[in-house]
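The next block holds one structure in the form of C-alpha cells; read it before the comments.
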Amino acid sequence: MTCAQHERIWLLESEQFSGEQARVLFEHAAGCADCGGALAAIRAARSAGRSHVPVAAPAARARILAAVEGGGDPGIFARWRGPLWVFAGAAAAVAIVEVATLPAPSRGSAPAAVAVVDAKNSAAVEGASVAEASVADAKNSAAPGETAHRARIAVAGGSALLGEGAIAELVPDSELTALSLSSGEITVELEEGRAIEVITADARVKVIGGRTVIAHRRARTGVAVASGTAKAWPKGALTPRVIHAGEKSELAPLEDADFPPPRTGRNLDAALQEAKAALVTDAPRAAVLAERVLVAVPKTTQQEAEALVILADAERRRGRLAASAELYSKVAAHPRGRSFAEEALLQRALILARTDQASEVLATLAIAAEQFPRGATAPERAALAADMYLRKREPLRAAEEIERAASLGRSLKLLERRLEVARALLAEDAELHRARARTLLEALLDPSTPEALRLEAEALMKK
Amino acid sequence: MVTEVESRIGVVAPPVIERQTLTIERVFREHFDHVYRIVGRLLGPSASALDIDDLTQQVFVAVHRALPAFRGESTVSTWLYGIASNVVLTHLRGFRRQRRLRRELDLAAATPMHARSPEQAYAEKQELVLVWKRLLSIKPDKRIVYVLYEIEGLSGAEIAVALDIPPATVFTRLHHARREVAKALLPLQRGRLP
C-alpha cells in the first residue's frame, strides 16, 4: 500500500473525520483502488457483524431473572428435603454424577480406582450452570506407603475434590451449581466471583471463589475457608453465617427459629418493616416474617395488604412464580390494597407472560386498564398486551393496543413493540396494512428514540 | 415493587409512583434483550447459548449490586454496555476460552444460517466467519471497542464513558481493529470501489 491516505481511511466513517475532511477522503477513495477496497472491506465487515443478532429463548429469560432476583439463591426452604431429585416441570435430561470412593485397600495392594457409582444422562440440565457434569479425572494422590483415593468433579468455574469416603451428587434443579454431600469431605476451588453450593443434612454452604473445605461427620458440618468467602446456613437458620478466608466454623442445626409471632400493633409494624428491609437480600426471611404477620393480623386491614405485597414480592424473588401470581391477585382484590393494586396487576401479568398464558395475561391487563386507565404503568401494560397479541398472531389487535397507548407517554418497551407490530402487519399483508404500519413507525423517527430502533424503523419504512 | 412498597408503607397519602426509580426488575424488563444481544455479539457467533446465558446472568447480578451506586452520570444503556464489556472481558481472559471460540467458529461455518436464500446465507455466513476469525486474533480490548462501535453503533464518546477510557484510546483501538478485521475481507474487496 503506497497511498498516502491509506492509514486515514481506517477511521473514515467515524467522528474523527467530518464535514470537509470526510468529503475529501470519500472522493479520494472513490478513485483509489486500495483505499476504495479498504473502505468497502470496512463496510462489509460491519454489515457481516450486524447480521449476527443473538436472541434469548423465553425459558432462558425467565430463568435468568429468577436467578438474579434470588441473588442466585432459590431459597432455603426449597432445599430442605435432602438431595433433590425433583424437577419442577420439564422432562429435560438430568445430569447427575454420583461418585463414591472405595475404602482404602490394605498396604501393599494395588490402589483401587475411583468408581463412578451411577452416571446418569449427562446432557446439560436446562437452567443449570454446570459446564461439565462428569467425573473429569480420578487421581490417586497417595504418598508411598499411604493410600488416598479422591475424585475430582468439574463444575462451572472450578472443581470439587472429594476426599476419601466422600459421597456427593450434583443437585439438578438449582439455578446455582450445587452438590449434596452425604458424608466425608469436599474441597471446592473456584475462580474469583464464581459460586457453588454444598448441601449436607444439617447445613447449606455457599462457596464464593477461592478454596474452601467442607466436611460432614456425625451430624455436624464443618467449613474451613482458605481463600475466598463462604456463607453457611445451619439447618433452621434464616440468615447466613459469613466465613472469611482463614476462618473455620462448625455448624449444628438450630432449634426451630425463635421468632415469636407478633401480636401487638407495634410488633406488627416492626415485623413489616423488618420484612421489607429483608426483601432484597434475604427473600426467604422476608417471606417468613410476612407470613407471621398474616397469621396474626386482623383481616382486611392495611397491614394485611402490606404483608401480602411483601410476601408476593418475596415469592417472586425466590422463583415461586405461581404462588407469587396468586398473591398479587389477592393484593389487587384486597379492600385496602388500592395503592398497590396497579403494580400488583402488572407484576401478575408479567409472571403469567413468562409461562405463555397469553389469555390470562390479557384478562389481568384488562382489569388494570379498567381500574387505572391512565396509571403510571399504562405504557408498560400496553406494551405487554401488544406482545401477547403478537404471540397469538393477532397483529391488528396488537396495533390497537399501541395506538390506544399513544397518549400515555413513551417507554422503551412501547417503542420496541411499535417496531414489532409494524413488522408483523407488513408480514401479514404489506399492501393492506402499509399505511397503518407507517403510522406506527413514524413515532420511532423522533430524535430521542434510541438509534438502533430509529434505524430499523427507517429501514422498514422503505419497504 | 420494593420502591413502591417503601414509598407507601407508613405514608398517609401514597405518593405517585416514581417512574424514574431504577429497580433491577425494571432494568431487566427494559434491557434484557439488549444486554443478551450485546453479550452474544461480544462473544461472537461461535459462543454457545449456555455461555451467553451464563454471562448475561453475571451482567445482571453485577448490575443488581451496582444499582445503588448508579447516579445517572450516563444513560442506563451506556452503563450496561460498560458492565457487559467488563464481564465478557473477564470471561475471555482465559486462553482456553479463546481457543474454544475459534474452534467453534470453524464448526459454525458449516452450519446453515437463516437468510433470504441459501446462496445469501452461505455468503453472509462466510463473511461473518472471516470477520470473527480475524476478531478473535486481536486483543479483547480492541475487539470490544470494534463490536461496540461498528456493530452496536455506539459513538466514540459513549464507548469512552462505558469503558472508562479516554476518547482518543477508543479511536486508536478502533483504527487497529478495523485494519485487522478488514484484512480478512480485503482480498474480496480490492479493486472494488465502494
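Letters for chains follow the order of the C-alpha cells (A, B, ...), residue numbers begin at 1 for each chain, and ligand numbers begin at 1 in the order shown.
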
For chain A versus chain B, which residues have an atom no more than 6 Å away, and what is each residue's nearest atom pair and distance in Å rounded to one decimal, using only C-alpha atoms, chain-then-number order, as CSV?
residue,atom,partner,partner_atom,distance
A:Trp10,CA,B:His175,CA,5.6
A:Leu11,CA,B:His175,CA,5.9
A:Ala30,CA,B:Leu193,CA,5.9
A:Ala33,CA,B:Gly191,CA,4.9
A:Gly36,CA,B:Leu193,CA,4.8
A:Gly37,CA,B:Arg190,CA,4.4
A:Ala40,CA,B:Pro194,CA,5.0
A:Ala41,CA,B:Ala182,CA,5.1
A:Ile42,CA,B:Ala182,CA,5.5
A:Arg46,CA,B:Glu150,CA,5.7
A:Ala48,CA,B:Leu128,CA,5.0
A:Gly49,CA,B:Ile151,CA,5.8
A:Arg50,CA,B:Ile151,CA,5.2
A:Pro54,CA,B:Arg37,CA,5.1
A:Ile64,CA,B:Gln57,CA,5.6
A:Val68,CA,B:Val61,CA,5.5

What's the 12 Å shell around Arg391 of chain A, counting only C-alpha atoms, without same-chain residues fewer than 2 positions away, as a list of chain:residue names? A:Pro58, A:Ala353, A:Asp356, A:Gln357, A:Ala358, A:Ser359, A:Val361, A:Leu362, A:Leu384, A:Ala385, A:Ala386, A:Asp387, A:Met388, A:Tyr389, A:Arg393, A:Glu394, A:Pro395, A:Arg397, A:Ala398, A:Arg417, A:Glu420, A:Val421, A:Ala424

Would you mind exporting the chosen residues as a PDB file, in the first residue's frame, restricted to N, CA, C and O atoms?
ATOM      1  N   PRO A  58     -37.252 -17.791  25.489  1.00  0.00           N
ATOM      2  CA  PRO A  58     -38.092 -17.311  26.593  1.00  0.00           C
ATOM      3  C   PRO A  58     -37.762 -17.994  27.920  1.00  0.00           C
ATOM      4  O   PRO A  58     -37.757 -17.368  28.966  1.00  0.00           O
ATOM      5  N   ALA A 353     -47.045 -13.998  31.778  1.00  0.00           N
ATOM      6  CA  ALA A 353     -46.451 -13.907  30.436  1.00  0.00           C
ATOM      7  C   ALA A 353     -45.251 -14.839  30.310  1.00  0.00           C
ATOM      8  O   ALA A 353     -44.995 -15.402  29.252  1.00  0.00           O
ATOM      9  N   ASP A 356     -46.302 -18.113  29.253  1.00  0.00           N
ATOM     10  CA  ASP A 356     -47.074 -18.142  27.998  1.00  0.00           C
ATOM     11  C   ASP A 356     -48.567 -18.305  28.200  1.00  0.00           C
ATOM     12  O   ASP A 356     -49.234 -18.946  27.399  1.00  0.00           O
ATOM     13  N   GLN A 357     -49.091 -17.718  29.262  1.00  0.00           N
ATOM     14  CA  GLN A 357     -50.548 -17.784  29.462  1.00  0.00           C
ATOM     15  C   GLN A 357     -51.151 -16.477  28.924  1.00  0.00           C
ATOM     16  O   GLN A 357     -51.606 -15.607  29.677  1.00  0.00           O
ATOM     17  N   ALA A 358     -51.152 -16.361  27.619  1.00  0.00           N
ATOM     18  CA  ALA A 358     -51.494 -15.083  26.978  1.00  0.00           C
ATOM     19  C   ALA A 358     -52.900 -14.610  27.337  1.00  0.00           C
ATOM     20  O   ALA A 358     -53.114 -13.427  27.634  1.00  0.00           O
ATOM     21  N   SER A 359     -53.853 -15.530  27.318  1.00  0.00           N
ATOM     22  CA  SER A 359     -55.240 -15.119  27.601  1.00  0.00           C
ATOM     23  C   SER A 359     -55.378 -14.599  29.029  1.00  0.00           C
ATOM     24  O   SER A 359     -56.067 -13.598  29.268  1.00  0.00           O
ATOM     25  N   VAL A 361     -53.005 -13.309  30.798  1.00  0.00           N
ATOM     26  CA  VAL A 361     -52.297 -12.023  30.853  1.00  0.00           C
ATOM     27  C   VAL A 361     -53.231 -10.906  30.400  1.00  0.00           C
ATOM     28  O   VAL A 361     -53.346  -9.862  31.049  1.00  0.00           O
ATOM     29  N   LEU A 362     -53.884 -11.151  29.282  1.00  0.00           N
ATOM     30  CA  LEU A 362     -54.749 -10.103  28.725  1.00  0.00           C
ATOM     31  C   LEU A 362     -55.923  -9.822  29.654  1.00  0.00           C
ATOM     32  O   LEU A 362     -56.354  -8.674  29.792  1.00  0.00           O
ATOM     33  N   LEU A 384     -47.025  -4.849  26.995  1.00  0.00           N
ATOM     34  CA  LEU A 384     -47.204  -6.267  27.310  1.00  0.00           C
ATOM     35  C   LEU A 384     -48.418  -6.834  26.584  1.00  0.00           C
ATOM     36  O   LEU A 384     -48.379  -7.941  26.042  1.00  0.00           O
ATOM     37  N   ALA A 385     -49.505  -6.067  26.548  1.00  0.00           N
ATOM     38  CA  ALA A 385     -50.711  -6.532  25.842  1.00  0.00           C
ATOM     39  C   ALA A 385     -50.418  -6.727  24.355  1.00  0.00           C
ATOM     40  O   ALA A 385     -50.813  -7.733  23.760  1.00  0.00           O
ATOM     41  N   ALA A 386     -49.698  -5.782  23.779  1.00  0.00           N
ATOM     42  CA  ALA A 386     -49.348  -5.909  22.362  1.00  0.00           C
ATOM     43  C   ALA A 386     -48.500  -7.155  22.135  1.00  0.00           C
ATOM     44  O   ALA A 386     -48.682  -7.882  21.158  1.00  0.00           O
ATOM     45  N   ASP A 387     -47.585  -7.397  23.062  1.00  0.00           N
ATOM     46  CA  ASP A 387     -46.728  -8.586  22.969  1.00  0.00           C
ATOM     47  C   ASP A 387     -47.576  -9.860  22.975  1.00  0.00           C
ATOM     48  O   ASP A 387     -47.342 -10.790  22.203  1.00  0.00           O
ATOM     49  N   MET A 388     -48.567  -9.881  23.850  1.00  0.00           N
ATOM     50  CA  MET A 388     -49.426 -11.066  23.928  1.00  0.00           C
ATOM     51  C   MET A 388     -50.204 -11.273  22.635  1.00  0.00           C
ATOM     52  O   MET A 388     -50.329 -12.398  22.148  1.00  0.00           O
ATOM     53  N   TYR A 389     -50.716 -10.195  22.067  1.00  0.00           N
ATOM     54  CA  TYR A 389     -51.455 -10.335  20.808  1.00  0.00           C
ATOM     55  C   TYR A 389     -50.541 -10.790  19.680  1.00  0.00           C
ATOM     56  O   TYR A 389     -50.940 -11.542  18.800  1.00  0.00           O
ATOM     57  N   ARG A 393     -50.624 -14.188  17.328  1.00  0.00           N
ATOM     58  CA  ARG A 393     -50.687 -13.912  15.887  1.00  0.00           C
ATOM     59  C   ARG A 393     -51.905 -13.039  15.532  1.00  0.00           C
ATOM     60  O   ARG A 393     -52.608 -13.310  14.558  1.00  0.00           O
ATOM     61  N   GLU A 394     -52.107 -12.040  16.360  1.00  0.00           N
ATOM     62  CA  GLU A 394     -53.184 -11.084  16.092  1.00  0.00           C
ATOM     63  C   GLU A 394     -52.572  -9.682  16.018  1.00  0.00           C
ATOM     64  O   GLU A 394     -52.754  -8.866  16.930  1.00  0.00           O
ATOM     65  N   PRO A 395     -51.863  -9.375  14.939  1.00  0.00           N
ATOM     66  CA  PRO A 395     -51.170  -8.092  14.874  1.00  0.00           C
ATOM     67  C   PRO A 395     -52.103  -6.886  14.859  1.00  0.00           C
ATOM     68  O   PRO A 395     -51.726  -5.811  15.334  1.00  0.00           O
ATOM     69  N   ARG A 397     -54.886  -6.486  16.582  1.00  0.00           N
ATOM     70  CA  ARG A 397     -55.244  -6.162  17.975  1.00  0.00           C
ATOM     71  C   ARG A 397     -54.035  -5.604  18.709  1.00  0.00           C
ATOM     72  O   ARG A 397     -54.161  -4.737  19.568  1.00  0.00           O
ATOM     73  N   ALA A 398     -52.858  -6.114  18.341  1.00  0.00           N
ATOM     74  CA  ALA A 398     -51.631  -5.560  18.930  1.00  0.00           C
ATOM     75  C   ALA A 398     -51.497  -4.094  18.541  1.00  0.00           C
ATOM     76  O   ALA A 398     -51.145  -3.240  19.367  1.00  0.00           O
ATOM     77  N   ARG A 417     -42.168  -2.412  20.862  1.00  0.00           N
ATOM     78  CA  ARG A 417     -43.390  -3.099  20.398  1.00  0.00           C
ATOM     79  C   ARG A 417     -43.914  -2.458  19.118  1.00  0.00           C
ATOM     80  O   ARG A 417     -44.416  -3.153  18.233  1.00  0.00           O
ATOM     81  N   GLU A 420     -42.115  -4.041  16.372  1.00  0.00           N
ATOM     82  CA  GLU A 420     -42.506  -5.445  16.172  1.00  0.00           C
ATOM     83  C   GLU A 420     -43.887  -5.534  15.543  1.00  0.00           C
ATOM     84  O   GLU A 420     -44.124  -6.364  14.666  1.00  0.00           O
ATOM     85  N   VAL A 421     -44.804  -4.691  16.003  1.00  0.00           N
ATOM     86  CA  VAL A 421     -46.167  -4.730  15.466  1.00  0.00           C
ATOM     87  C   VAL A 421     -46.165  -4.293  13.998  1.00  0.00           C
ATOM     88  O   VAL A 421     -46.818  -4.914  13.150  1.00  0.00           O
ATOM     89  N   ALA A 424     -44.937  -7.074  11.969  1.00  0.00           N
ATOM     90  CA  ALA A 424     -45.931  -8.148  11.874  1.00  0.00           C
ATOM     91  C   ALA A 424     -47.041  -7.768  10.892  1.00  0.00           C
ATOM     92  O   ALA A 424     -47.521  -8.607  10.127  1.00  0.00           O
TER      93      ALA A 424
END

Measuring between only C-alpha atoms, which one of A:Leu352, A:Leu415, A:Ala230, A:Ala378 shows the shortest distance to Arg454 of chain A? A:Leu415

DSSP strand (DSSP E) residues within segment 194-434 of chain A, as a ChimeraX atom specification: /A:194-199,203-217,220-234,241-244,248-251

Could you give me, as a PDB file with C-alpha atoms, in the first residue's frame, the residues within 7 Å of segment 334-345 of chain A, counting only C-alpha atoms and dropping anything in the same chain fewer than 3 positions from it?
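result35.pdb written:
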ATOM      1  CA  THR A 300     -58.910  -6.600  55.634  1.00  0.00           C
ATOM      2  CA  THR A 301     -56.574  -4.187  57.354  1.00  0.00           C
ATOM      3  CA  GLN A 302     -53.889  -2.066  55.755  1.00  0.00           C
ATOM      4  CA  ALA A 305     -52.456  -5.726  52.460  1.00  0.00           C
ATOM      5  CA  TYR A 328     -50.559 -10.397  43.558  1.00  0.00           C
ATOM      6  CA  SER A 329     -54.121 -11.249  42.625  1.00  0.00           C
ATOM      7  CA  LYS A 330     -55.095 -11.127  46.307  1.00  0.00           C
ATOM      8  CA  VAL A 331     -53.329  -7.815  46.729  1.00  0.00           C
ATOM      9  CA  ARG A 348     -49.069 -10.743  37.967  1.00  0.00           C
ATOM     10  CA  ALA A 349     -49.374 -10.204  34.232  1.00  0.00           C
ATOM     11  CA  THR A 364     -55.360  -9.283  34.031  1.00  0.00           C
ATOM     12  CA  ALA A 368     -55.821  -2.997  35.279  1.00  0.00           C
ATOM     13  CA  PHE A 372     -56.190   2.511  36.144  1.00  0.00           C
TER      14      PHE A 372
ATOM     15  CA  PRO B  14     -49.413   7.215  48.905  1.00  0.00           C
TER      16      PRO B  14
END
